[in-house]
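Undergrad: First the structure, then my questions, so here it is.
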2 protein chains.
Amino acid sequence: MTGKKGEATVTIDKGIDDVHSADFDALLLPGGHSPDALRGDDRFVDFTRGFADSGKPIFAICHGPQLLISADVVRGKKMTTVKPIVVDLKNAGADFFDKEVVVDNDTLVTSRTPDDLPAFNRESPRILNKP
Amino acid sequence: MTGKKGEATVTIDKGIDDVHSADFDALLLPGGHSPDALRGDDRFVDFTRGFADSGKPIFAICHGPQLLISADVVRGKKMTTVKPIVVDLKNAGADFFDKEVVVDNDTLVTSRTPDDLPAFNRESPRILNKP
């Protein structure tokens, strides 16, 4: 699969029916139009919920939190997101902060836009590598 | 401006800074990725709210209701929408129905997808033309 700017190609090694959250250590939700498409299919929403329910690290930027809203796992969580869906995140019960990166309970890392990537990329490995 | 399938061309005669809801009789929100982009700019959200506040007819299909959620005008309204944003519509306080067309108070007409267009196109002119 080639990215929309044509600069990167990724080989998709498994489909949603081949995976279970128990087989992974963490989840990265990179945003774009993809979360809107994925949240329309309950298999992706259930897969996402599995990471939250087991307390595994989740990293989400831009529109990534749309999948977390659909999985109903944002209530009471400290989070940020891209402007168009701030209202959806608040309505779903999250505690919204307009900051470059927000870390909730050393488990959930969120950022707003690609401009926040330096902060997102600083905090995410810290959470992933914690003992 | 040419549509993404290249089949239709529309001339945009006014920009958002040139218009006010008072100058129009009704609002059509046709969905796609556009509402996500528009709701990130408060001018479009305020324009949308103007129609709701003055009780003018609003027609929204697919992702169109995202702008209505941002304008905070869906609370208590009978509505439908496309599956990915059903959770956002419910969280915003709307009364959701999984039907081809839903009409609230002879003012707000919503449908789910292009497949619902026959029903949407049946109800919308009825509302627009009522005495």
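Residues are referred to by chain and number: the chain letter is A, B, ... according to the order shown in the structure tokens, the number counts from 1 in that chain, and ligands are numbered separately from 1 in the order shown.
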Could you write out chain A as a compact mmCIF listing (two decimals) with N, CA and C atoms, in the first residue's frame once it has been least-squares superposed on chain B using every ordered C-alpha pair?
TA:
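Output (out_20.txt):
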```txt
# COMPACT_ATOMS: atom_id res chain seq x y z
N MET A 1 -15.22 24.60 -9.55
CA MET A 1 -14.77 23.46 -8.76
C MET A 1 -15.36 22.18 -9.36
N THR A 2 -14.50 21.17 -9.60
CA THR A 2 -14.97 19.92 -10.19
C THR A 2 -15.05 18.84 -9.12
N GLY A 3 -16.14 18.07 -9.13
CA GLY A 3 -16.36 17.01 -8.16
C GLY A 3 -15.28 15.94 -8.25
N LYS A 4 -15.14 15.13 -7.20
CA LYS A 4 -14.02 14.19 -7.17
C LYS A 4 -14.14 13.09 -8.22
N LYS A 5 -15.36 12.85 -8.71
CA LYS A 5 -15.53 11.87 -9.79
C LYS A 5 -15.45 12.55 -11.16
N GLY A 6 -15.27 13.87 -11.16
CA GLY A 6 -15.09 14.61 -12.40
C GLY A 6 -16.34 14.75 -13.23
N GLU A 7 -17.50 14.35 -12.67
CA GLU A 7 -18.73 14.35 -13.46
C GLU A 7 -19.51 15.66 -13.36
N ALA A 8 -19.18 16.47 -12.39
CA ALA A 8 -19.93 17.71 -12.22
C ALA A 8 -18.99 18.86 -11.90
N THR A 9 -19.32 20.02 -12.41
CA THR A 9 -18.55 21.23 -12.13
C THR A 9 -19.49 22.28 -11.56
N VAL A 10 -19.09 22.87 -10.46
CA VAL A 10 -19.92 23.88 -9.80
C VAL A 10 -19.13 25.18 -9.70
N THR A 11 -19.79 26.26 -10.02
CA THR A 11 -19.16 27.57 -9.87
C THR A 11 -19.48 28.11 -8.47
N ILE A 12 -18.45 28.37 -7.70
CA ILE A 12 -18.65 28.92 -6.35
C ILE A 12 -18.76 30.43 -6.48
N ASP A 13 -19.97 30.97 -6.20
CA ASP A 13 -20.18 32.41 -6.45
C ASP A 13 -19.90 33.28 -5.23
N LYS A 14 -19.86 32.67 -4.03
CA LYS A 14 -19.56 33.48 -2.85
C LYS A 14 -18.71 32.69 -1.86
N GLY A 15 -17.85 33.38 -1.13
CA GLY A 15 -17.06 32.75 -0.08
C GLY A 15 -17.76 32.92 1.26
N ILE A 16 -17.27 32.23 2.27
CA ILE A 16 -17.92 32.25 3.58
C ILE A 16 -17.97 33.66 4.19
N ASP A 17 -17.00 34.51 3.84
CA ASP A 17 -17.00 35.87 4.39
C ASP A 17 -17.98 36.80 3.69
N ASP A 18 -18.57 36.30 2.58
CA ASP A 18 -19.52 37.12 1.80
C ASP A 18 -20.96 36.80 2.13
N VAL A 19 -21.22 35.83 2.98
CA VAL A 19 -22.60 35.36 3.17
C VAL A 19 -23.04 35.43 4.64
N HIS A 20 -24.37 35.52 4.81
CA HIS A 20 -24.97 35.45 6.14
C HIS A 20 -26.23 34.59 6.02
N SER A 21 -26.51 33.80 7.05
CA SER A 21 -27.66 32.89 6.97
C SER A 21 -28.96 33.65 6.69
N ALA A 22 -29.05 34.91 7.12
CA ALA A 22 -30.27 35.70 6.91
C ALA A 22 -30.60 35.88 5.43
N ASP A 23 -29.59 35.72 4.57
CA ASP A 23 -29.80 35.93 3.14
C ASP A 23 -30.28 34.67 2.41
N PHE A 24 -30.45 33.56 3.15
CA PHE A 24 -30.82 32.29 2.50
C PHE A 24 -32.07 31.69 3.14
N ASP A 25 -32.77 30.85 2.35
CA ASP A 25 -34.01 30.23 2.84
C ASP A 25 -33.79 28.87 3.47
N ALA A 26 -32.69 28.20 3.13
CA ALA A 26 -32.46 26.85 3.64
C ALA A 26 -31.00 26.48 3.46
N LEU A 27 -30.59 25.39 4.13
CA LEU A 27 -29.19 24.93 4.07
C LEU A 27 -29.14 23.45 3.71
N LEU A 28 -28.31 23.10 2.71
CA LEU A 28 -28.09 21.70 2.35
C LEU A 28 -26.66 21.32 2.68
N LEU A 29 -26.48 20.28 3.50
CA LEU A 29 -25.15 19.79 3.88
C LEU A 29 -24.98 18.40 3.28
N PRO A 30 -24.24 18.28 2.16
CA PRO A 30 -24.22 17.02 1.42
C PRO A 30 -23.21 15.97 1.87
N GLY A 31 -22.44 16.19 2.90
CA GLY A 31 -21.59 15.11 3.41
C GLY A 31 -20.24 14.97 2.73
N GLY A 32 -19.72 13.74 2.71
CA GLY A 32 -18.35 13.51 2.23
C GLY A 32 -17.34 13.94 3.28
N HIS A 33 -16.10 14.20 2.84
CA HIS A 33 -15.07 14.66 3.77
C HIS A 33 -15.20 16.15 4.10
N SER A 34 -16.01 16.86 3.32
CA SER A 34 -16.11 18.31 3.46
C SER A 34 -16.52 18.78 4.86
N PRO A 35 -17.57 18.20 5.49
CA PRO A 35 -17.97 18.71 6.81
C PRO A 35 -16.85 18.65 7.84
N ASP A 36 -15.99 17.63 7.75
CA ASP A 36 -14.87 17.54 8.70
C ASP A 36 -13.93 18.73 8.53
N ALA A 37 -13.69 19.12 7.28
CA ALA A 37 -12.83 20.27 7.03
C ALA A 37 -13.51 21.57 7.47
N LEU A 38 -14.80 21.71 7.12
CA LEU A 38 -15.51 22.96 7.40
C LEU A 38 -15.70 23.19 8.90
N ARG A 39 -15.93 22.13 9.67
CA ARG A 39 -16.20 22.30 11.11
C ARG A 39 -14.94 22.70 11.88
N GLY A 40 -13.80 22.63 11.22
CA GLY A 40 -12.56 23.08 11.83
C GLY A 40 -12.39 24.59 11.75
N ASP A 41 -13.35 25.27 11.10
CA ASP A 41 -13.30 26.73 10.91
C ASP A 41 -14.60 27.32 11.48
N ASP A 42 -14.48 28.11 12.53
CA ASP A 42 -15.67 28.60 13.24
C ASP A 42 -16.63 29.38 12.35
N ARG A 43 -16.15 29.97 11.26
CA ARG A 43 -17.04 30.74 10.38
C ARG A 43 -18.13 29.86 9.78
N PHE A 44 -17.77 28.63 9.40
CA PHE A 44 -18.74 27.72 8.82
C PHE A 44 -19.71 27.19 9.88
N VAL A 45 -19.19 26.98 11.07
CA VAL A 45 -20.02 26.50 12.17
C VAL A 45 -21.04 27.57 12.56
N ASP A 46 -20.60 28.83 12.63
CA ASP A 46 -21.51 29.94 12.97
C ASP A 46 -22.57 30.12 11.88
N PHE A 47 -22.15 29.99 10.61
CA PHE A 47 -23.09 30.10 9.48
C PHE A 47 -24.17 29.03 9.61
N THR A 48 -23.76 27.81 9.93
CA THR A 48 -24.69 26.70 10.08
C THR A 48 -25.66 26.96 11.24
N ARG A 49 -25.14 27.43 12.35
CA ARG A 49 -25.95 27.66 13.54
C ARG A 49 -27.06 28.70 13.26
N GLY A 50 -26.73 29.66 12.38
CA GLY A 50 -27.70 30.70 12.03
C GLY A 50 -28.99 30.13 11.46
N PHE A 51 -28.89 29.09 10.64
CA PHE A 51 -30.08 28.46 10.06
C PHE A 51 -30.90 27.76 11.13
N ALA A 52 -30.23 27.07 12.03
CA ALA A 52 -30.94 26.35 13.10
C ALA A 52 -31.60 27.34 14.05
N ASP A 53 -30.89 28.38 14.42
CA ASP A 53 -31.43 29.35 15.40
C ASP A 53 -32.66 30.07 14.87
N SER A 54 -32.72 30.26 13.55
CA SER A 54 -33.87 30.96 12.97
C SER A 54 -34.95 30.01 12.47
N GLY A 55 -34.77 28.71 12.71
CA GLY A 55 -35.80 27.74 12.35
C GLY A 55 -35.95 27.50 10.86
N LYS A 56 -34.91 27.82 10.08
CA LYS A 56 -34.97 27.58 8.63
C LYS A 56 -34.70 26.10 8.33
N PRO A 57 -35.21 25.59 7.20
CA PRO A 57 -35.00 24.18 6.87
C PRO A 57 -33.52 23.85 6.68
N ILE A 58 -33.13 22.68 7.20
CA ILE A 58 -31.77 22.17 7.02
C ILE A 58 -31.88 20.73 6.52
N PHE A 59 -31.14 20.43 5.45
CA PHE A 59 -31.11 19.10 4.86
C PHE A 59 -29.68 18.57 4.97
N ALA A 60 -29.48 17.42 5.59
CA ALA A 60 -28.13 16.89 5.79
C ALA A 60 -28.10 15.39 5.54
N ILE A 61 -27.08 14.95 4.81
CA ILE A 61 -26.96 13.52 4.48
C ILE A 61 -25.52 13.09 4.74
N CYS A 62 -25.34 11.79 5.02
CA CYS A 62 -24.01 11.21 5.27
C CYS A 62 -23.30 11.95 6.43
N HIS A 63 -22.14 12.56 6.16
CA HIS A 63 -21.39 13.25 7.21
C HIS A 63 -21.86 14.69 7.43
N GLY A 64 -22.90 15.14 6.72
CA GLY A 64 -23.39 16.51 6.88
C GLY A 64 -23.66 16.88 8.34
N PRO A 65 -24.27 15.97 9.14
CA PRO A 65 -24.56 16.32 10.53
C PRO A 65 -23.34 16.68 11.38
N GLN A 66 -22.12 16.39 10.92
CA GLN A 66 -20.94 16.81 11.70
C GLN A 66 -20.95 18.31 11.95
N LEU A 67 -21.38 19.09 10.93
CA LEU A 67 -21.45 20.55 11.12
C LEU A 67 -22.52 20.92 12.13
N LEU A 68 -23.62 20.16 12.16
CA LEU A 68 -24.70 20.43 13.11
C LEU A 68 -24.27 20.08 14.53
N ILE A 69 -23.45 19.03 14.66
CA ILE A 69 -22.90 18.68 15.98
C ILE A 69 -21.99 19.81 16.47
N SER A 70 -21.12 20.30 15.59
CA SER A 70 -20.22 21.39 15.98
C SER A 70 -20.99 22.65 16.36
N ALA A 71 -22.13 22.88 15.68
CA ALA A 71 -22.95 24.06 15.98
C ALA A 71 -23.81 23.84 17.23
N ASP A 72 -23.75 22.64 17.79
CA ASP A 72 -24.52 22.29 19.00
C ASP A 72 -26.03 22.55 18.82
N VAL A 73 -26.56 22.06 17.69
CA VAL A 73 -27.99 22.27 17.42
C VAL A 73 -28.74 20.95 17.22
N VAL A 74 -28.18 19.83 17.69
CA VAL A 74 -28.83 18.54 17.46
C VAL A 74 -29.51 17.99 18.72
N ARG A 75 -29.29 18.61 19.85
CA ARG A 75 -29.81 18.08 21.12
C ARG A 75 -31.34 17.91 21.07
N GLY A 76 -31.80 16.68 21.31
CA GLY A 76 -33.24 16.41 21.34
C GLY A 76 -33.89 16.30 19.97
N LYS A 77 -33.08 16.43 18.89
CA LYS A 77 -33.63 16.34 17.53
C LYS A 77 -33.67 14.90 17.05
N LYS A 78 -34.74 14.53 16.35
CA LYS A 78 -34.84 13.22 15.70
C LYS A 78 -34.00 13.26 14.42
N MET A 79 -33.01 12.38 14.32
CA MET A 79 -32.07 12.43 13.18
C MET A 79 -31.55 11.04 12.82
N THR A 80 -30.98 10.96 11.60
CA THR A 80 -30.18 9.80 11.23
C THR A 80 -28.87 10.30 10.63
N THR A 81 -27.91 9.39 10.43
CA THR A 81 -26.64 9.75 9.79
C THR A 81 -25.91 8.48 9.39
N VAL A 82 -24.76 8.65 8.74
CA VAL A 82 -23.95 7.53 8.27
C VAL A 82 -23.27 6.86 9.48
N LYS A 83 -23.06 5.55 9.38
CA LYS A 83 -22.65 4.76 10.54
C LYS A 83 -21.44 5.29 11.34
N PRO A 84 -20.32 5.70 10.69
CA PRO A 84 -19.15 6.08 11.49
C PRO A 84 -19.41 7.18 12.50
N ILE A 85 -20.38 8.07 12.23
CA ILE A 85 -20.57 9.19 13.16
C ILE A 85 -21.87 9.06 13.98
N VAL A 86 -22.49 7.88 13.95
CA VAL A 86 -23.68 7.67 14.77
C VAL A 86 -23.36 7.92 16.24
N VAL A 87 -22.20 7.42 16.69
CA VAL A 87 -21.82 7.60 18.10
C VAL A 87 -21.66 9.08 18.44
N ASP A 88 -21.10 9.86 17.51
CA ASP A 88 -20.92 11.30 17.76
C ASP A 88 -22.28 12.01 17.83
N LEU A 89 -23.20 11.60 16.97
CA LEU A 89 -24.53 12.22 16.95
C LEU A 89 -25.28 11.91 18.25
N LYS A 90 -25.20 10.66 18.70
CA LYS A 90 -25.85 10.28 19.96
C LYS A 90 -25.22 11.02 21.14
N ASN A 91 -23.86 11.07 21.16
CA ASN A 91 -23.18 11.76 22.27
C ASN A 91 -23.51 13.25 22.31
N ALA A 92 -23.88 13.81 21.14
CA ALA A 92 -24.24 15.23 21.08
C ALA A 92 -25.69 15.46 21.50
N GLY A 93 -26.42 14.37 21.80
CA GLY A 93 -27.76 14.52 22.35
C GLY A 93 -28.90 14.32 21.37
N ALA A 94 -28.60 13.93 20.13
CA ALA A 94 -29.67 13.68 19.16
C ALA A 94 -30.38 12.36 19.47
N ASP A 95 -31.60 12.26 18.97
CA ASP A 95 -32.41 11.04 19.09
C ASP A 95 -32.25 10.30 17.77
N PHE A 96 -31.38 9.27 17.73
CA PHE A 96 -30.98 8.62 16.48
C PHE A 96 -31.95 7.53 16.05
N PHE A 97 -32.25 7.51 14.73
CA PHE A 97 -33.06 6.44 14.13
C PHE A 97 -32.32 5.91 12.91
N ASP A 98 -32.23 4.57 12.79
CA ASP A 98 -31.57 3.96 11.64
C ASP A 98 -32.59 3.79 10.52
N LYS A 99 -32.94 4.90 9.87
CA LYS A 99 -33.96 4.92 8.81
C LYS A 99 -33.44 5.69 7.60
N GLU A 100 -34.06 5.43 6.44
CA GLU A 100 -33.57 6.06 5.20
C GLU A 100 -33.74 7.58 5.22
N VAL A 101 -34.77 8.04 5.90
CA VAL A 101 -34.93 9.49 6.06
C VAL A 101 -35.65 9.75 7.38
N VAL A 102 -35.23 10.79 8.06
CA VAL A 102 -35.86 11.20 9.33
C VAL A 102 -36.14 12.70 9.23
N VAL A 103 -37.40 13.07 9.56
CA VAL A 103 -37.78 14.49 9.52
C VAL A 103 -38.12 14.94 10.94
N ASP A 104 -37.46 15.97 11.42
CA ASP A 104 -37.74 16.50 12.75
C ASP A 104 -38.49 17.83 12.63
N ASN A 105 -39.65 17.88 13.22
CA ASN A 105 -40.40 19.13 13.36
C ASN A 105 -40.62 19.87 12.03
N ASP A 106 -40.77 19.09 10.94
CA ASP A 106 -40.96 19.68 9.61
C ASP A 106 -39.89 20.73 9.26
N THR A 107 -38.68 20.56 9.81
CA THR A 107 -37.61 21.56 9.58
C THR A 107 -36.27 20.92 9.23
N LEU A 108 -35.96 19.81 9.88
CA LEU A 108 -34.65 19.17 9.71
C LEU A 108 -34.83 17.80 9.05
N VAL A 109 -34.21 17.61 7.86
CA VAL A 109 -34.31 16.35 7.13
C VAL A 109 -32.93 15.71 7.06
N THR A 110 -32.79 14.46 7.52
CA THR A 110 -31.50 13.76 7.46
C THR A 110 -31.65 12.38 6.84
N SER A 111 -30.61 11.97 6.12
CA SER A 111 -30.53 10.61 5.58
C SER A 111 -29.13 10.07 5.83
N ARG A 112 -28.94 8.73 5.57
CA ARG A 112 -27.70 8.07 5.94
C ARG A 112 -26.62 8.09 4.86
N THR A 113 -26.98 7.64 3.64
CA THR A 113 -26.00 7.44 2.56
C THR A 113 -26.64 7.79 1.21
N PRO A 114 -25.84 7.81 0.14
CA PRO A 114 -26.42 8.07 -1.19
C PRO A 114 -27.55 7.10 -1.55
N ASP A 115 -27.54 5.87 -1.01
CA ASP A 115 -28.64 4.93 -1.28
C ASP A 115 -29.98 5.46 -0.81
N ASP A 116 -29.95 6.37 0.16
CA ASP A 116 -31.19 6.92 0.71
C ASP A 116 -31.68 8.15 -0.06
N LEU A 117 -30.97 8.53 -1.12
CA LEU A 117 -31.31 9.76 -1.83
C LEU A 117 -32.75 9.84 -2.32
N PRO A 118 -33.35 8.74 -2.80
CA PRO A 118 -34.76 8.84 -3.23
C PRO A 118 -35.66 9.33 -2.09
N ALA A 119 -35.47 8.79 -0.89
CA ALA A 119 -36.29 9.22 0.25
C ALA A 119 -35.94 10.65 0.67
N PHE A 120 -34.65 10.96 0.67
CA PHE A 120 -34.17 12.31 1.02
C PHE A 120 -34.73 13.34 0.04
N ASN A 121 -34.72 12.98 -1.24
CA ASN A 121 -35.20 13.90 -2.28
C ASN A 121 -36.72 13.98 -2.34
N ARG A 122 -37.40 13.04 -1.69
CA ARG A 122 -38.86 13.09 -1.59
C ARG A 122 -39.27 14.05 -0.47
N GLU A 123 -38.60 13.92 0.68
CA GLU A 123 -39.00 14.71 1.86
C GLU A 123 -38.50 16.16 1.82
N SER A 124 -37.29 16.37 1.28
CA SER A 124 -36.70 17.71 1.35
C SER A 124 -37.53 18.77 0.62
N PRO A 125 -37.97 18.52 -0.64
CA PRO A 125 -38.77 19.55 -1.31
C PRO A 125 -40.11 19.78 -0.60
N ARG A 126 -40.64 18.75 0.02
CA ARG A 126 -41.90 18.89 0.76
C ARG A 126 -41.73 19.93 1.89
N ILE A 127 -40.60 19.83 2.59
CA ILE A 127 -40.33 20.78 3.68
C ILE A 127 -40.06 22.18 3.12
N LEU A 128 -39.29 22.22 2.03
CA LEU A 128 -38.91 23.51 1.44
C LEU A 128 -40.13 24.26 0.91
N ASN A 129 -41.11 23.50 0.39
CA ASN A 129 -42.26 24.12 -0.25
C ASN A 129 -43.48 24.28 0.64
N LYS A 130 -43.35 23.89 1.90
CA LYS A 130 -44.54 23.99 2.74
C LYS A 130 -44.91 25.48 2.91
N PRO A 131 -46.22 25.75 2.99
CA PRO A 131 -46.67 27.15 3.04
C PRO A 131 -46.13 27.89 4.28
```
Undergrad: Report the residues of chain B whose backbone DSSP state falls under alpha helix (DSSP H), written as an MDAnalysis selection string.
TA: chainID B and resid 34:38 42:53 65:70 86:91 117:128
